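**Q** Quick one, query_35.tsv (TSV, C-alpha atoms):
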```tsv
chain	number	residue	atom	x	y	z
A	29	MET	CA	0.00	0.00	0.00
A	30	THR	CA	2.83	2.40	0.92
A	31	ARG	CA	4.61	1.63	-2.35
A	32	ARG	CA	1.41	2.28	-4.30
A	33	LEU	CA	0.88	5.64	-2.55
A	34	ALA	CA	4.44	6.67	-3.31
A	35	GLN	CA	4.24	5.73	-6.99
A	36	VAL	CA	0.91	7.46	-7.55
A	37	ALA	CA	2.03	10.56	-5.65
A	38	LYS	CA	5.19	10.77	-7.77
A	39	LYS	CA	3.20	10.28	-10.98
A	40	VAL	CA	0.76	13.09	-10.16
A	41	GLY	CA	3.19	15.38	-8.35
A	42	VAL	CA	1.26	15.54	-5.06
A	43	SER	CA	1.85	14.28	-1.54
A	44	GLU	CA	1.11	10.74	-0.39
A	45	ALA	CA	-1.38	12.23	2.05
A	46	THR	CA	-3.35	13.72	-0.85
A	47	VAL	CA	-3.40	10.37	-2.64
A	48	SER	CA	-4.61	8.72	0.57
A	49	ARG	CA	-7.46	11.24	0.90
A	50	VAL	CA	-8.58	10.49	-2.67
A	51	LEU	CA	-8.45	6.73	-2.18
A	52	ASN	CA	-10.44	6.97	1.04
A	53	GLY	CA	-13.01	9.37	-0.41
A	54	LYS	CA	-12.19	12.18	2.03
A	55	PRO	CA	-12.82	15.89	1.29
A	56	GLY	CA	-10.20	18.57	0.87
A	57	VAL	CA	-9.01	17.61	-2.62
A	58	SER	CA	-9.87	19.51	-5.81
A	59	ASP	CA	-11.75	17.72	-8.59
A	60	ALA	CA	-8.78	18.11	-10.95
A	61	THR	CA	-6.36	16.53	-8.48
A	62	ARG	CA	-8.82	13.78	-7.68
A	63	GLN	CA	-9.18	12.91	-11.37
A	64	SER	CA	-5.40	12.98	-11.84
A	65	VAL	CA	-4.91	10.53	-8.97
A	66	LEU	CA	-7.56	8.15	-10.32
A	67	THR	CA	-6.07	8.32	-13.81
A	68	ALA	CA	-2.60	7.62	-12.39
A	69	LEU	CA	-3.99	4.52	-10.67
A	70	ASP	CA	-5.32	3.29	-14.01
A	71	VAL	CA	-2.12	4.06	-15.91
A	72	LEU	CA	0.05	2.31	-13.30
A	73	GLY	CA	-2.18	-0.74	-13.37
A	74	TYR	CA	-3.59	-0.52	-9.82
A	75	GLU	CA	-7.21	-1.35	-9.10
A	76	ARG	CA	-9.37	1.48	-7.88
A	77	PRO	CA	-10.88	1.18	-4.42
A	78	THR	CA	-14.26	-0.56	-4.53
A	79	GLN	CA	-16.22	2.62	-3.84
A	80	LEU	CA	-14.58	4.35	-6.83
A	81	ARG	CA	-14.91	1.64	-9.43
A	82	GLY	CA	-18.27	2.82	-10.65
A	83	GLU	CA	-16.72	5.95	-12.10
A	84	ARG	CA	-15.08	5.83	-15.47
A	85	ALA	CA	-11.41	6.67	-15.75
A	86	ARG	CA	-10.15	9.55	-17.85
A	87	LEU	CA	-8.66	6.93	-20.13
A	88	VAL	CA	-9.62	6.31	-23.76
A	89	GLY	CA	-8.71	3.16	-25.61
A	90	LEU	CA	-7.17	3.73	-29.04
A	91	VAL	CA	-7.31	0.40	-30.86
A	92	LEU	CA	-5.23	-0.01	-34.04
A	93	PRO	CA	-4.83	-3.09	-36.26
A	94	GLU	CA	-1.09	-2.53	-36.76
A	95	LEU	CA	1.72	0.03	-36.75
A	96	GLN	CA	3.66	-1.11	-39.83
A	97	ASN	CA	1.38	0.85	-42.16
A	98	PRO	CA	2.38	4.50	-41.52
A	99	ILE	CA	-1.24	5.66	-41.73
A	100	PHE	CA	-2.04	4.16	-38.32
A	101	PRO	CA	0.75	5.88	-36.35
A	102	ALA	CA	-0.36	9.08	-38.08
A	103	PHE	CA	-3.93	8.61	-36.85
A	104	ALA	CA	-2.61	7.71	-33.39
A	105	GLU	CA	-0.59	10.94	-33.21
A	106	VAL	CA	-3.56	13.15	-34.18
A	107	ILE	CA	-6.12	11.35	-32.01
A	108	GLY	CA	-3.76	11.06	-29.04
A	109	GLY	CA	-2.94	14.76	-29.17
A	110	ALA	CA	-6.60	15.76	-29.45
A	111	LEU	CA	-7.52	13.51	-26.50
A	112	ALA	CA	-4.77	15.05	-24.36
A	113	GLN	CA	-6.16	18.52	-25.11
A	114	GLN	CA	-9.47	17.32	-23.67
A	115	GLY	CA	-7.81	16.05	-20.49
A	116	LEU	CA	-8.08	12.42	-21.59
A	117	THR	CA	-5.25	9.88	-21.65
A	118	PRO	CA	-5.01	7.57	-24.68
A	119	VAL	CA	-4.24	3.90	-24.08
A	120	LEU	CA	-2.70	2.51	-27.27
A	121	CYS	CA	-3.82	-1.03	-28.09
A	122	THR	CA	-2.03	-2.44	-31.15
A	123	GLN	CA	-2.66	-5.89	-32.50
A	124	THR	CA	0.22	-8.13	-33.53
A	125	LYS	CA	0.29	-11.59	-35.03
A	126	GLY	CA	-0.07	-14.07	-32.20
A	127	GLY	CA	-0.52	-11.22	-29.71
A	128	VAL	CA	-3.51	-9.77	-27.88
A	129	ALA	CA	-6.68	-9.92	-29.98
A	130	GLU	CA	-9.03	-6.98	-30.43
A	131	ALA	CA	-11.71	-8.60	-28.24
A	132	GLU	CA	-9.13	-9.17	-25.48
A	133	TYR	CA	-8.12	-5.52	-25.62
A	134	VAL	CA	-11.77	-4.56	-25.19
A	135	ASP	CA	-12.01	-6.76	-22.09
A	136	LEU	CA	-8.91	-5.10	-20.63
A	137	LEU	CA	-10.26	-1.63	-21.40
A	138	LEU	CA	-13.59	-2.44	-19.75
A	139	GLN	CA	-11.74	-3.61	-16.64
A	140	GLN	CA	-10.04	-0.21	-16.53
A	141	GLN	CA	-13.42	1.57	-16.69
A	142	VAL	CA	-12.33	3.62	-19.70
A	143	SER	CA	-14.32	6.67	-20.71
A	144	GLY	CA	-14.50	5.56	-24.35
A	145	VAL	CA	-12.82	3.73	-27.21
A	146	VAL	CA	-11.70	4.85	-30.67
A	147	PHE	CA	-11.14	2.13	-33.27
A	148	ALA	CA	-9.00	3.31	-36.20
A	149	GLY	CA	-9.31	0.33	-38.50
A	150	GLY	CA	-10.15	-3.14	-37.25
A	151	LEU	CA	-12.64	-5.97	-37.32
A	152	PHE	CA	-15.61	-3.58	-37.49
A	153	ALA	CA	-14.84	-3.14	-41.21
A	154	GLN	CA	-14.86	-6.89	-41.97
A	155	ALA	CA	-18.26	-8.47	-42.48
A	156	ASP	CA	-17.08	-12.03	-41.72
A	157	ALA	CA	-15.12	-11.18	-38.55
A	158	PRO	CA	-16.40	-11.63	-34.96
A	159	HIS	CA	-18.17	-8.54	-33.62
A	160	GLU	CA	-19.39	-9.60	-30.18
A	161	HIS	CA	-16.99	-7.25	-28.39
A	162	TYR	CA	-18.51	-4.24	-30.18
A	163	HIS	CA	-21.98	-5.25	-29.03
A	164	LEU	CA	-20.60	-5.65	-25.50
A	165	LEU	CA	-19.37	-2.04	-25.58
A	166	ALA	CA	-22.82	-0.92	-26.73
A	167	GLU	CA	-24.51	-2.89	-23.93
A	168	ARG	CA	-22.22	-1.22	-21.37
A	169	SER	CA	-23.01	2.21	-22.91
A	170	VAL	CA	-19.31	2.90	-23.47
A	171	PRO	CA	-18.80	5.77	-25.95
A	172	VAL	CA	-17.25	4.46	-29.18
A	173	VAL	CA	-16.16	6.07	-32.44
A	174	LEU	CA	-15.04	4.18	-35.55
A	175	VAL	CA	-12.58	5.52	-38.11
A	176	ASN	CA	-13.45	4.40	-41.66
A	177	ALA	CA	-16.43	2.39	-42.81
A	178	SER	CA	-18.05	-0.29	-40.67
A	179	ILE	CA	-20.42	-3.17	-41.33
A	180	GLU	CA	-24.16	-2.72	-40.99
A	181	GLY	CA	-25.58	-3.25	-37.52
A	182	LEU	CA	-22.89	-1.45	-35.53
A	183	ASP	CA	-24.69	1.64	-34.32
A	184	PHE	CA	-21.64	3.79	-33.53
A	185	PRO	CA	-20.65	7.20	-34.89
A	186	CYS	CA	-18.17	6.81	-37.72
A	187	VAL	CA	-15.62	9.11	-39.37
A	188	SER	CA	-14.65	8.02	-42.91
A	189	CYS	CA	-12.72	9.12	-45.93
A	190	ASP	CA	-15.06	9.12	-48.94
A	191	ASP	CA	-13.90	6.01	-50.82
A	192	ALA	CA	-16.12	6.74	-53.82
A	193	VAL	CA	-14.61	10.19	-54.35
A	194	ALA	CA	-11.08	8.85	-53.82
A	195	ILE	CA	-11.43	6.17	-56.49
A	196	GLU	CA	-13.13	8.53	-58.93
A	197	GLN	CA	-10.23	10.99	-58.56
A	198	ALA	CA	-7.65	8.26	-59.16
A	199	TRP	CA	-9.52	6.73	-62.11
A	200	ARG	CA	-10.10	10.04	-63.85
A	201	HIS	CA	-6.44	10.96	-63.37
A	202	LEU	CA	-5.24	7.78	-65.08
A	203	ALA	CA	-7.87	8.09	-67.82
A	204	SER	CA	-6.77	11.69	-68.49
A	205	LEU	CA	-3.27	10.31	-69.09
A	206	GLY	CA	-4.62	7.98	-71.77
A	207	HIS	CA	-4.82	4.78	-69.73
A	208	GLU	CA	-7.67	2.51	-70.80
A	209	ARG	CA	-6.66	-0.77	-69.14
A	210	ILE	CA	-6.81	0.19	-65.47
A	211	GLY	CA	-6.59	-2.42	-62.71
A	212	LEU	CA	-7.61	-2.29	-59.05
A	213	VAL	CA	-5.82	-3.82	-56.04
A	214	ILE	CA	-7.99	-3.87	-52.90
A	215	GLY	CA	-8.52	-5.81	-49.68
A	216	PRO	CA	-10.58	-8.95	-48.95
A	217	ALA	CA	-14.13	-9.40	-50.22
A	218	ASP	CA	-15.67	-8.82	-46.77
A	219	HIS	CA	-13.77	-5.54	-46.21
A	220	ILE	CA	-16.31	-2.72	-46.39
A	221	PRO	CA	-14.00	0.11	-47.61
A	222	SER	CA	-12.74	-2.25	-50.34
A	223	ARG	CA	-16.33	-3.00	-51.37
A	224	ARG	CA	-16.95	0.71	-51.66
A	225	LYS	CA	-13.81	1.19	-53.73
A	226	LEU	CA	-14.85	-1.60	-56.11
A	227	GLU	CA	-18.32	-0.12	-56.59
A	228	ALA	CA	-16.77	3.31	-57.22
A	229	ALA	CA	-14.24	1.87	-59.70
A	230	SER	CA	-17.00	0.15	-61.68
A	231	ALA	CA	-18.99	3.39	-61.78
A	232	ALA	CA	-15.95	5.47	-62.74
A	233	ALA	CA	-14.96	3.10	-65.54
A	234	LYS	CA	-18.48	3.09	-66.93
A	235	SER	CA	-18.77	6.88	-66.84
A	236	LEU	CA	-15.51	7.17	-68.79
A	237	GLY	CA	-16.51	4.61	-71.41
A	238	LEU	CA	-14.04	2.05	-70.07
A	239	THR	CA	-14.54	-1.47	-68.78
A	240	LEU	CA	-13.50	-3.15	-65.53
A	241	PRO	CA	-13.49	-6.91	-66.18
A	242	ASP	CA	-13.16	-9.29	-63.23
A	243	GLU	CA	-9.53	-10.07	-64.07
A	244	PHE	CA	-8.69	-6.37	-63.64
A	245	VAL	CA	-9.68	-6.59	-59.94
A	246	GLN	CA	-7.28	-8.35	-57.58
A	247	ARG	CA	-7.68	-8.78	-53.82
A	248	SER	CA	-4.93	-8.95	-51.25
A	249	ILE	CA	-4.03	-8.62	-47.62
A	250	PHE	CA	-2.93	-5.07	-46.81
A	251	SER	CA	0.84	-5.39	-47.11
A	252	LEU	CA	3.64	-4.65	-49.55
A	253	GLU	CA	4.00	-8.35	-50.31
A	254	GLY	CA	0.27	-8.67	-50.91
A	255	GLY	CA	0.34	-5.75	-53.32
A	256	GLN	CA	3.26	-7.30	-55.17
A	257	ALA	CA	1.49	-10.64	-55.63
A	258	ALA	CA	-1.80	-9.04	-56.71
A	259	THR	CA	-0.05	-6.77	-59.22
A	260	ALA	CA	1.90	-9.65	-60.69
A	261	ARG	CA	-1.46	-11.21	-61.56
A	262	LEU	CA	-2.76	-7.92	-63.00
A	263	LEU	CA	0.25	-7.41	-65.25
A	264	LYS	CA	-0.47	-10.72	-67.00
A	265	HIS	CA	-3.66	-9.08	-68.29
A	266	GLY	CA	-1.84	-6.10	-69.78
A	267	VAL	CA	-2.98	-3.29	-67.49
A	268	THR	CA	-1.10	-0.01	-67.84
A	269	GLY	CA	-2.56	1.77	-64.82
A	270	ILE	CA	-3.14	0.44	-61.30
A	271	VAL	CA	-5.18	1.96	-58.46
A	272	CYS	CA	-4.39	0.53	-55.01
A	273	GLY	CA	-6.36	0.53	-51.76
A	274	SER	CA	-3.39	1.62	-49.63
A	275	ASP	CA	0.12	3.02	-50.01
A	276	PRO	CA	1.86	-0.24	-48.97
A	277	LEU	CA	-0.15	-2.05	-51.66
A	278	ALA	CA	1.03	0.57	-54.17
A	279	LEU	CA	4.67	0.11	-53.16
A	280	GLY	CA	4.19	-3.62	-53.69
A	281	ALA	CA	2.73	-2.86	-57.13
A	282	ILE	CA	5.83	-0.85	-58.07
A	283	ARG	CA	8.08	-3.69	-56.94
A	284	ALA	CA	6.06	-6.21	-59.00
A	285	ALA	CA	6.31	-4.03	-62.10
A	286	ARG	CA	10.06	-3.71	-61.78
A	287	ARG	CA	10.55	-7.44	-61.22
A	288	SER	CA	8.56	-8.01	-64.41
A	289	GLY	CA	11.04	-5.83	-66.29
A	290	LEU	CA	8.70	-2.84	-66.51
A	291	SER	CA	9.34	0.77	-65.57
A	292	VAL	CA	7.16	2.94	-63.33
A	293	PRO	CA	5.75	5.24	-64.66
A	294	ALA	CA	7.01	4.74	-68.25
A	295	ASP	CA	5.30	1.35	-68.69
A	296	VAL	CA	2.90	1.20	-65.74
A	297	SER	CA	1.36	4.01	-63.69
A	298	VAL	CA	0.53	3.38	-60.01
A	299	VAL	CA	-1.78	5.30	-57.64
A	300	GLY	CA	-1.88	4.65	-53.89
A	301	PHE	CA	-4.30	5.61	-51.14
A	302	ASP	CA	-3.62	7.40	-47.80
A	303	ASP	CA	-0.60	9.64	-48.55
A	304	SER	CA	1.15	8.21	-45.52
A	305	ALA	CA	4.62	9.21	-44.34
A	306	PHE	CA	7.60	8.99	-46.70
A	307	MET	CA	5.57	8.63	-49.92
A	308	THR	CA	7.47	11.66	-51.22
A	309	SER	CA	10.73	9.75	-50.66
A	310	THR	CA	9.95	6.61	-52.64
A	311	ALA	CA	11.42	6.02	-56.10
A	312	PRO	CA	9.49	7.35	-57.89
A	313	PRO	CA	7.53	9.52	-55.43
A	314	LEU	CA	4.06	8.00	-55.15
A	315	THR	CA	0.97	9.52	-56.69
A	316	THR	CA	-1.72	8.84	-54.10
A	317	VAL	CA	-5.07	9.95	-52.72
A	318	ARG	CA	-4.63	11.73	-49.40
A	319	GLN	CA	-6.88	10.99	-46.44
A	320	PRO	CA	-7.48	14.17	-44.37
A	321	ILE	CA	-6.01	12.56	-41.24
A	322	GLU	CA	-5.91	15.72	-39.13
A	323	ALA	CA	-9.57	16.61	-39.74
A	324	MET	CA	-10.76	13.02	-39.37
A	325	GLY	CA	-8.83	12.40	-36.14
A	326	ARG	CA	-10.07	15.60	-34.49
A	327	ALA	CA	-13.64	14.88	-35.57
A	328	ALA	CA	-13.40	11.41	-34.03
A	329	VAL	CA	-12.33	12.90	-30.70
A	330	ASP	CA	-15.08	15.55	-30.85
A	331	LEU	CA	-17.68	12.83	-31.42
A	332	LEU	CA	-16.29	10.78	-28.54
A	333	CYS	CA	-16.21	13.71	-26.11
A	334	ALA	CA	-19.78	14.61	-27.01
A	335	GLN	CA	-20.85	11.08	-26.05
A	336	ILE	CA	-18.85	11.19	-22.82
A	337	GLN	CA	-20.64	14.37	-21.79
A	338	GLY	CA	-24.04	12.74	-22.23
A	339	PRO	CA	-26.37	10.90	-24.60
A	340	GLN	CA	-26.21	12.32	-28.11
A	341	PRO	CA	-28.39	11.88	-31.19
A	342	HIS	CA	-26.69	9.43	-33.52
A	343	SER	CA	-24.49	11.34	-35.95
A	344	GLY	CA	-24.22	8.48	-38.46
A	345	GLU	CA	-21.17	8.46	-40.72
A	346	LEU	CA	-19.23	11.64	-41.43
A	347	LEU	CA	-17.59	11.51	-44.88
A	348	PHE	CA	-14.42	13.54	-45.44
A	349	GLU	CA	-13.21	14.63	-48.85
A	350	PRO	CA	-9.90	13.11	-50.05
A	351	GLU	CA	-7.36	14.89	-52.25
A	352	LEU	CA	-5.44	13.50	-55.21
A	353	VAL	CA	-1.71	14.19	-54.87
A	354	VAL	CA	0.08	13.78	-58.21
A	355	ARG	CA	3.74	12.80	-58.05
A	356	GLY	CA	6.10	10.72	-60.13
A	357	SER	CA	4.50	7.28	-60.24
A	358	THR	CA	1.97	8.22	-62.96
A	359	ALA	CA	2.61	9.32	-66.55
A	360	PRO	CA	0.91	9.27	-69.96
A	361	ALA	CA	0.17	5.79	-71.29
A	362	LEU	CA	2.41	4.42	-74.03
A	363	ARG	CA	0.75	4.31	-77.42
A	364	ARG	CA	0.99	0.78	-78.81
```
Step by step, read the file and then write its structure as structure tokens.

**A**
Amino acid sequence: MTRRLAQVAKKVGVSEATVSRVLNGKPGVSDATRQSVLTALDVLGYERPTQLRGERARLVGLVLPELQNPIFPAFAEVIGGALAQQGLTPVLCTQTKGGVAEAEYVDLLLQQQVSGVVFAGGLFAQADAPHEHYHLLAERSVPVVLVNASIEGLDFPCVSCDDAVAIEQAWRHLASLGHERIGLVIGPADHIPSRRKLEAASAAAKSLGLTLPDEFVQRSIFSLEGGQAATARLLKHGVTGIVCGSDPLALGAIRAARRSGLSVPADVSVVGFDDSAFMTSTAPPLTTVRQPIEAMGRAAVDLLCAQIQGPQPHSGELLFEPELVVRGSTAPALRR
């Protein structure tokens, strides 16, 4: 007990006597100090006293599917900073292969009496994945915000980049450069943002008088290696332009083109999605569709804080406009 008092007091910057007063529910402590002590207990992994467990901590779970794709650390930075400005402490929960599963993270967050959870990518976007832990959060009335499209039936506020607009921008860009055989590399069939991208690609091709045959659409896991394998299949069908569902997929597409003896962009043009870190430093610099990460992350925190303050009318899905960023990985199509 003495060790716990000392650690919490040091963390908050108050005396052990002040910590003791908070833990014993005694008066004479400001609300701000009281909240800081309770948050320190949560961060240090100590259980709250029984009489205080009914109150939610000033902690917010930030659940990410991975950190290898630079887009997720970027979201974490924006969302974490916005939470801190609201006096909330983000708890980063990152999934790894063979590590803690998303549902297990939710159980841990519920044990910590978190004030809310933000999911930036995850199982909510996969129709065939388990979703019981999301329904558990809803049953417990824990505020939740999702970043990018979710399956039907999850009644949480959602902040998304407009996939339809993103694909239309990319398709029209390649078509304006004379590309007629344009392929698409996206995620699995049950991935909702990928479904939206496929629908948008079909519509864009039709509006431009082009076709999008089944063999021009390849699915992959979201990784550089996955993009390379999918693009290798596309190149066998003679595509000259490729639109990818993420920047790592696009980098894999460039690698596949080179290993097939083709040049990017002289022989094949490639467009990514996200405009994540270092895409200006690739060779060639990647043409991509930029997600407005700053605006989306801050909107997610605003939606979460509104729920924390009290019941709110459901805001549905907020769609944010993407921006095509033209760099060196796209060029006019070769005339054959």

**Q** Need to verify the contact set: region 268-273 of chain A, 10 Å, all atoms listed in the file, exclusion of same-chain residues closer than 4 positions in sequence. Can you return it as an MDAnalysis selection string?

**A** chainID A and resid 191 194:195 198:199 202:203 205:215 221:222 225:226 229 244:248 250 255 259 262:263 277:282 292:302 315:317 358:362

**Q** Pick out the residues sitting within 12 Å of Ala155 (chain A), and hand them over as a ChimeraX atom specification; count only C-alpha atoms, and ignore anything fewer than 3 positions along from it in its own chain.

**A** /A:150-152,158-159,177-182,216-223

**Q** Please write the residues from the selection above to a file, keeping C-alpha atoms, as a PDB file, keeping the file's coordinate frame.

**A**
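After the write, result.pdb holds the following:
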```pdb
ATOM      1  CA  GLY A 150     -10.150  -3.140 -37.250  1.00  0.00           C
ATOM      2  CA  LEU A 151     -12.640  -5.970 -37.320  1.00  0.00           C
ATOM      3  CA  PHE A 152     -15.610  -3.580 -37.490  1.00  0.00           C
ATOM      4  CA  PRO A 158     -16.400 -11.630 -34.960  1.00  0.00           C
ATOM      5  CA  HIS A 159     -18.170  -8.540 -33.620  1.00  0.00           C
ATOM      6  CA  ALA A 177     -16.430   2.390 -42.810  1.00  0.00           C
ATOM      7  CA  SER A 178     -18.050  -0.290 -40.670  1.00  0.00           C
ATOM      8  CA  ILE A 179     -20.420  -3.170 -41.330  1.00  0.00           C
ATOM      9  CA  GLU A 180     -24.160  -2.720 -40.990  1.00  0.00           C
ATOM     10  CA  GLY A 181     -25.580  -3.250 -37.520  1.00  0.00           C
ATOM     11  CA  LEU A 182     -22.890  -1.450 -35.530  1.00  0.00           C
ATOM     12  CA  PRO A 216     -10.580  -8.950 -48.950  1.00  0.00           C
ATOM     13  CA  ALA A 217     -14.130  -9.400 -50.220  1.00  0.00           C
ATOM     14  CA  ASP A 218     -15.670  -8.820 -46.770  1.00  0.00           C
ATOM     15  CA  HIS A 219     -13.770  -5.540 -46.210  1.00  0.00           C
ATOM     16  CA  ILE A 220     -16.310  -2.720 -46.390  1.00  0.00           C
ATOM     17  CA  PRO A 221     -14.000   0.110 -47.610  1.00  0.00           C
ATOM     18  CA  SER A 222     -12.740  -2.250 -50.340  1.00  0.00           C
ATOM     19  CA  ARG A 223     -16.330  -3.000 -51.370  1.00  0.00           C
TER      20      ARG A 223
END
```

**Q** Could you tell me which of A:Ala231, A:Leu33, A:Leu136, A:Val329 comes closest to Gly109 (chain A) if we count all atoms listed in the file?

**A**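 Among the listed residues, the smallest separation from Gly109 (chain A) belongs to A:Val329.
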
**Q** Between A:Arg31, A:His161, A:Tyr133, A:Ser143, single out the one closest to Asp70 (chain A), counting only C-alpha atoms.

**A**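 Looking at the shortest contact to Asp70 (chain A), the residue is A:Ser143.
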
**Q** May I ask which of the residues A:Ser230, A:Thr117, A:Ser64, A:Gln123 is the closest one to Leu92 (chain A), counting all atoms listed in the file?

**A**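 The shortest atom-to-atom distance to Leu92 (chain A) comes from A:Gln123.
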
**Q** Please report the interatomic distance between CA of Asn176 (chain A) and CA of Ala131 (chain A) in Å with one decimal.

**A**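 Distance between the two atoms: 18.8 Å.
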
**Q** Work out how far apart CA of Ser48 (chain A) and CA of Thr61 (chain A) are and give it in Å to one decimal.

**A**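 Computing the Euclidean distance for CA of Ser48 (chain A) and CA of Thr61 (chain A) yields 12.1 Å.
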
**Q** Calculate how many Å separate CA of Leu72 (chain A) from CA of His163 (chain A), rounding to one decimal.

**A** 28.1 Å

**Q** Using all atoms listed in the file, pick whichever of A:Val267, A:Val193, A:Asp156, A:Arg224 has the shortest atom-to-atom distance to Leu352 (chain A).

**A** A:Val193

**Q** Just need the box for region 212-221 of chain A, edges along x, y and z, holding every atom the file lists for it with 4 Å tacked onto each side, so centre and edge lengths in Å to one decimal, as AutoDock Vina command-line options.

**A**
```
--center_x -11.1 --center_y -4.6 --center_z -52.6 --size_x 18.5 --size_y 17.5 --size_z 20.8
```

**Q** Taking the structure in the block just given, could you write region 132-147 of chain A with N, CA, C and O atoms, as a PDB file, in the first residue's frame?

**A**
```pdb
ATOM      1  N   GLU A 132      -9.834  -9.128 -26.770  1.00  0.00           N
ATOM      2  CA  GLU A 132      -9.131  -9.170 -25.484  1.00  0.00           C
ATOM      3  C   GLU A 132      -8.767  -7.764 -25.023  1.00  0.00           C
ATOM      4  O   GLU A 132      -8.836  -7.449 -23.824  1.00  0.00           O
ATOM      5  N   TYR A 133      -8.391  -6.915 -25.972  1.00  0.00           N
ATOM      6  CA  TYR A 133      -8.124  -5.519 -25.617  1.00  0.00           C
ATOM      7  C   TYR A 133      -9.381  -4.855 -25.070  1.00  0.00           C
ATOM      8  O   TYR A 133      -9.320  -4.083 -24.105  1.00  0.00           O
ATOM      9  N   VAL A 134     -10.522  -5.143 -25.677  1.00  0.00           N
ATOM     10  CA  VAL A 134     -11.771  -4.561 -25.190  1.00  0.00           C
ATOM     11  C   VAL A 134     -12.047  -5.008 -23.763  1.00  0.00           C
ATOM     12  O   VAL A 134     -12.453  -4.202 -22.910  1.00  0.00           O
ATOM     13  N   ASP A 135     -11.824  -6.276 -23.463  1.00  0.00           N
ATOM     14  CA  ASP A 135     -12.012  -6.763 -22.092  1.00  0.00           C
ATOM     15  C   ASP A 135     -11.113  -6.012 -21.115  1.00  0.00           C
ATOM     16  O   ASP A 135     -11.546  -5.612 -20.021  1.00  0.00           O
ATOM     17  N   LEU A 136      -9.849  -5.814 -21.502  1.00  0.00           N
ATOM     18  CA  LEU A 136      -8.909  -5.096 -20.630  1.00  0.00           C
ATOM     19  C   LEU A 136      -9.350  -3.650 -20.427  1.00  0.00           C
ATOM     20  O   LEU A 136      -9.258  -3.113 -19.314  1.00  0.00           O
ATOM     21  N   LEU A 137      -9.823  -3.019 -21.497  1.00  0.00           N
ATOM     22  CA  LEU A 137     -10.257  -1.626 -21.397  1.00  0.00           C
ATOM     23  C   LEU A 137     -11.492  -1.498 -20.511  1.00  0.00           C
ATOM     24  O   LEU A 137     -11.618  -0.547 -19.740  1.00  0.00           O
ATOM     25  N   LEU A 138     -12.397  -2.458 -20.612  1.00  0.00           N
ATOM     26  CA  LEU A 138     -13.586  -2.442 -19.753  1.00  0.00           C
ATOM     27  C   LEU A 138     -13.204  -2.613 -18.286  1.00  0.00           C
ATOM     28  O   LEU A 138     -13.800  -1.985 -17.403  1.00  0.00           O
ATOM     29  N   GLN A 139     -12.201  -3.437 -18.025  1.00  0.00           N
ATOM     30  CA  GLN A 139     -11.737  -3.613 -16.643  1.00  0.00           C
ATOM     31  C   GLN A 139     -11.179  -2.310 -16.080  1.00  0.00           C
ATOM     32  O   GLN A 139     -11.284  -2.042 -14.881  1.00  0.00           O
ATOM     33  N   GLN A 140     -10.613  -1.481 -16.959  1.00  0.00           N
ATOM     34  CA  GLN A 140     -10.040  -0.207 -16.526  1.00  0.00           C
ATOM     35  C   GLN A 140     -11.078   0.916 -16.465  1.00  0.00           C
ATOM     36  O   GLN A 140     -10.741   2.058 -16.185  1.00  0.00           O
ATOM     37  N   GLN A 141     -12.335   0.590 -16.744  1.00  0.00           N
ATOM     38  CA  GLN A 141     -13.422   1.574 -16.688  1.00  0.00           C
ATOM     39  C   GLN A 141     -13.125   2.791 -17.580  1.00  0.00           C
ATOM     40  O   GLN A 141     -13.278   3.949 -17.170  1.00  0.00           O
ATOM     41  N   VAL A 142     -12.694   2.518 -18.811  1.00  0.00           N
ATOM     42  CA  VAL A 142     -12.328   3.616 -19.702  1.00  0.00           C
ATOM     43  C   VAL A 142     -13.536   4.486 -20.026  1.00  0.00           C
ATOM     44  O   VAL A 142     -14.691   4.042 -19.989  1.00  0.00           O
ATOM     45  N   SER A 143     -13.249   5.735 -20.361  1.00  0.00           N
ATOM     46  CA  SER A 143     -14.324   6.672 -20.711  1.00  0.00           C
ATOM     47  C   SER A 143     -14.851   6.441 -22.116  1.00  0.00           C
ATOM     48  O   SER A 143     -15.958   6.863 -22.446  1.00  0.00           O
ATOM     49  N   GLY A 144     -14.065   5.796 -22.974  1.00  0.00           N
ATOM     50  CA  GLY A 144     -14.495   5.557 -24.347  1.00  0.00           C
ATOM     51  C   GLY A 144     -13.422   4.806 -25.108  1.00  0.00           C
ATOM     52  O   GLY A 144     -12.323   4.565 -24.605  1.00  0.00           O
ATOM     53  N   VAL A 145     -13.748   4.454 -26.345  1.00  0.00           N
ATOM     54  CA  VAL A 145     -12.821   3.730 -27.206  1.00  0.00           C
ATOM     55  C   VAL A 145     -12.927   4.274 -28.629  1.00  0.00           C
ATOM     56  O   VAL A 145     -14.026   4.497 -29.142  1.00  0.00           O
ATOM     57  N   VAL A 146     -11.766   4.495 -29.257  1.00  0.00           N
ATOM     58  CA  VAL A 146     -11.703   4.847 -30.671  1.00  0.00           C
ATOM     59  C   VAL A 146     -11.044   3.687 -31.407  1.00  0.00           C
ATOM     60  O   VAL A 146      -9.936   3.275 -31.046  1.00  0.00           O
ATOM     61  N   PHE A 147     -11.709   3.174 -32.421  1.00  0.00           N
ATOM     62  CA  PHE A 147     -11.139   2.129 -33.267  1.00  0.00           C
ATOM     63  C   PHE A 147     -10.754   2.763 -34.599  1.00  0.00           C
ATOM     64  O   PHE A 147     -11.613   3.229 -35.337  1.00  0.00           O
TER      65      PHE A 147
END
```
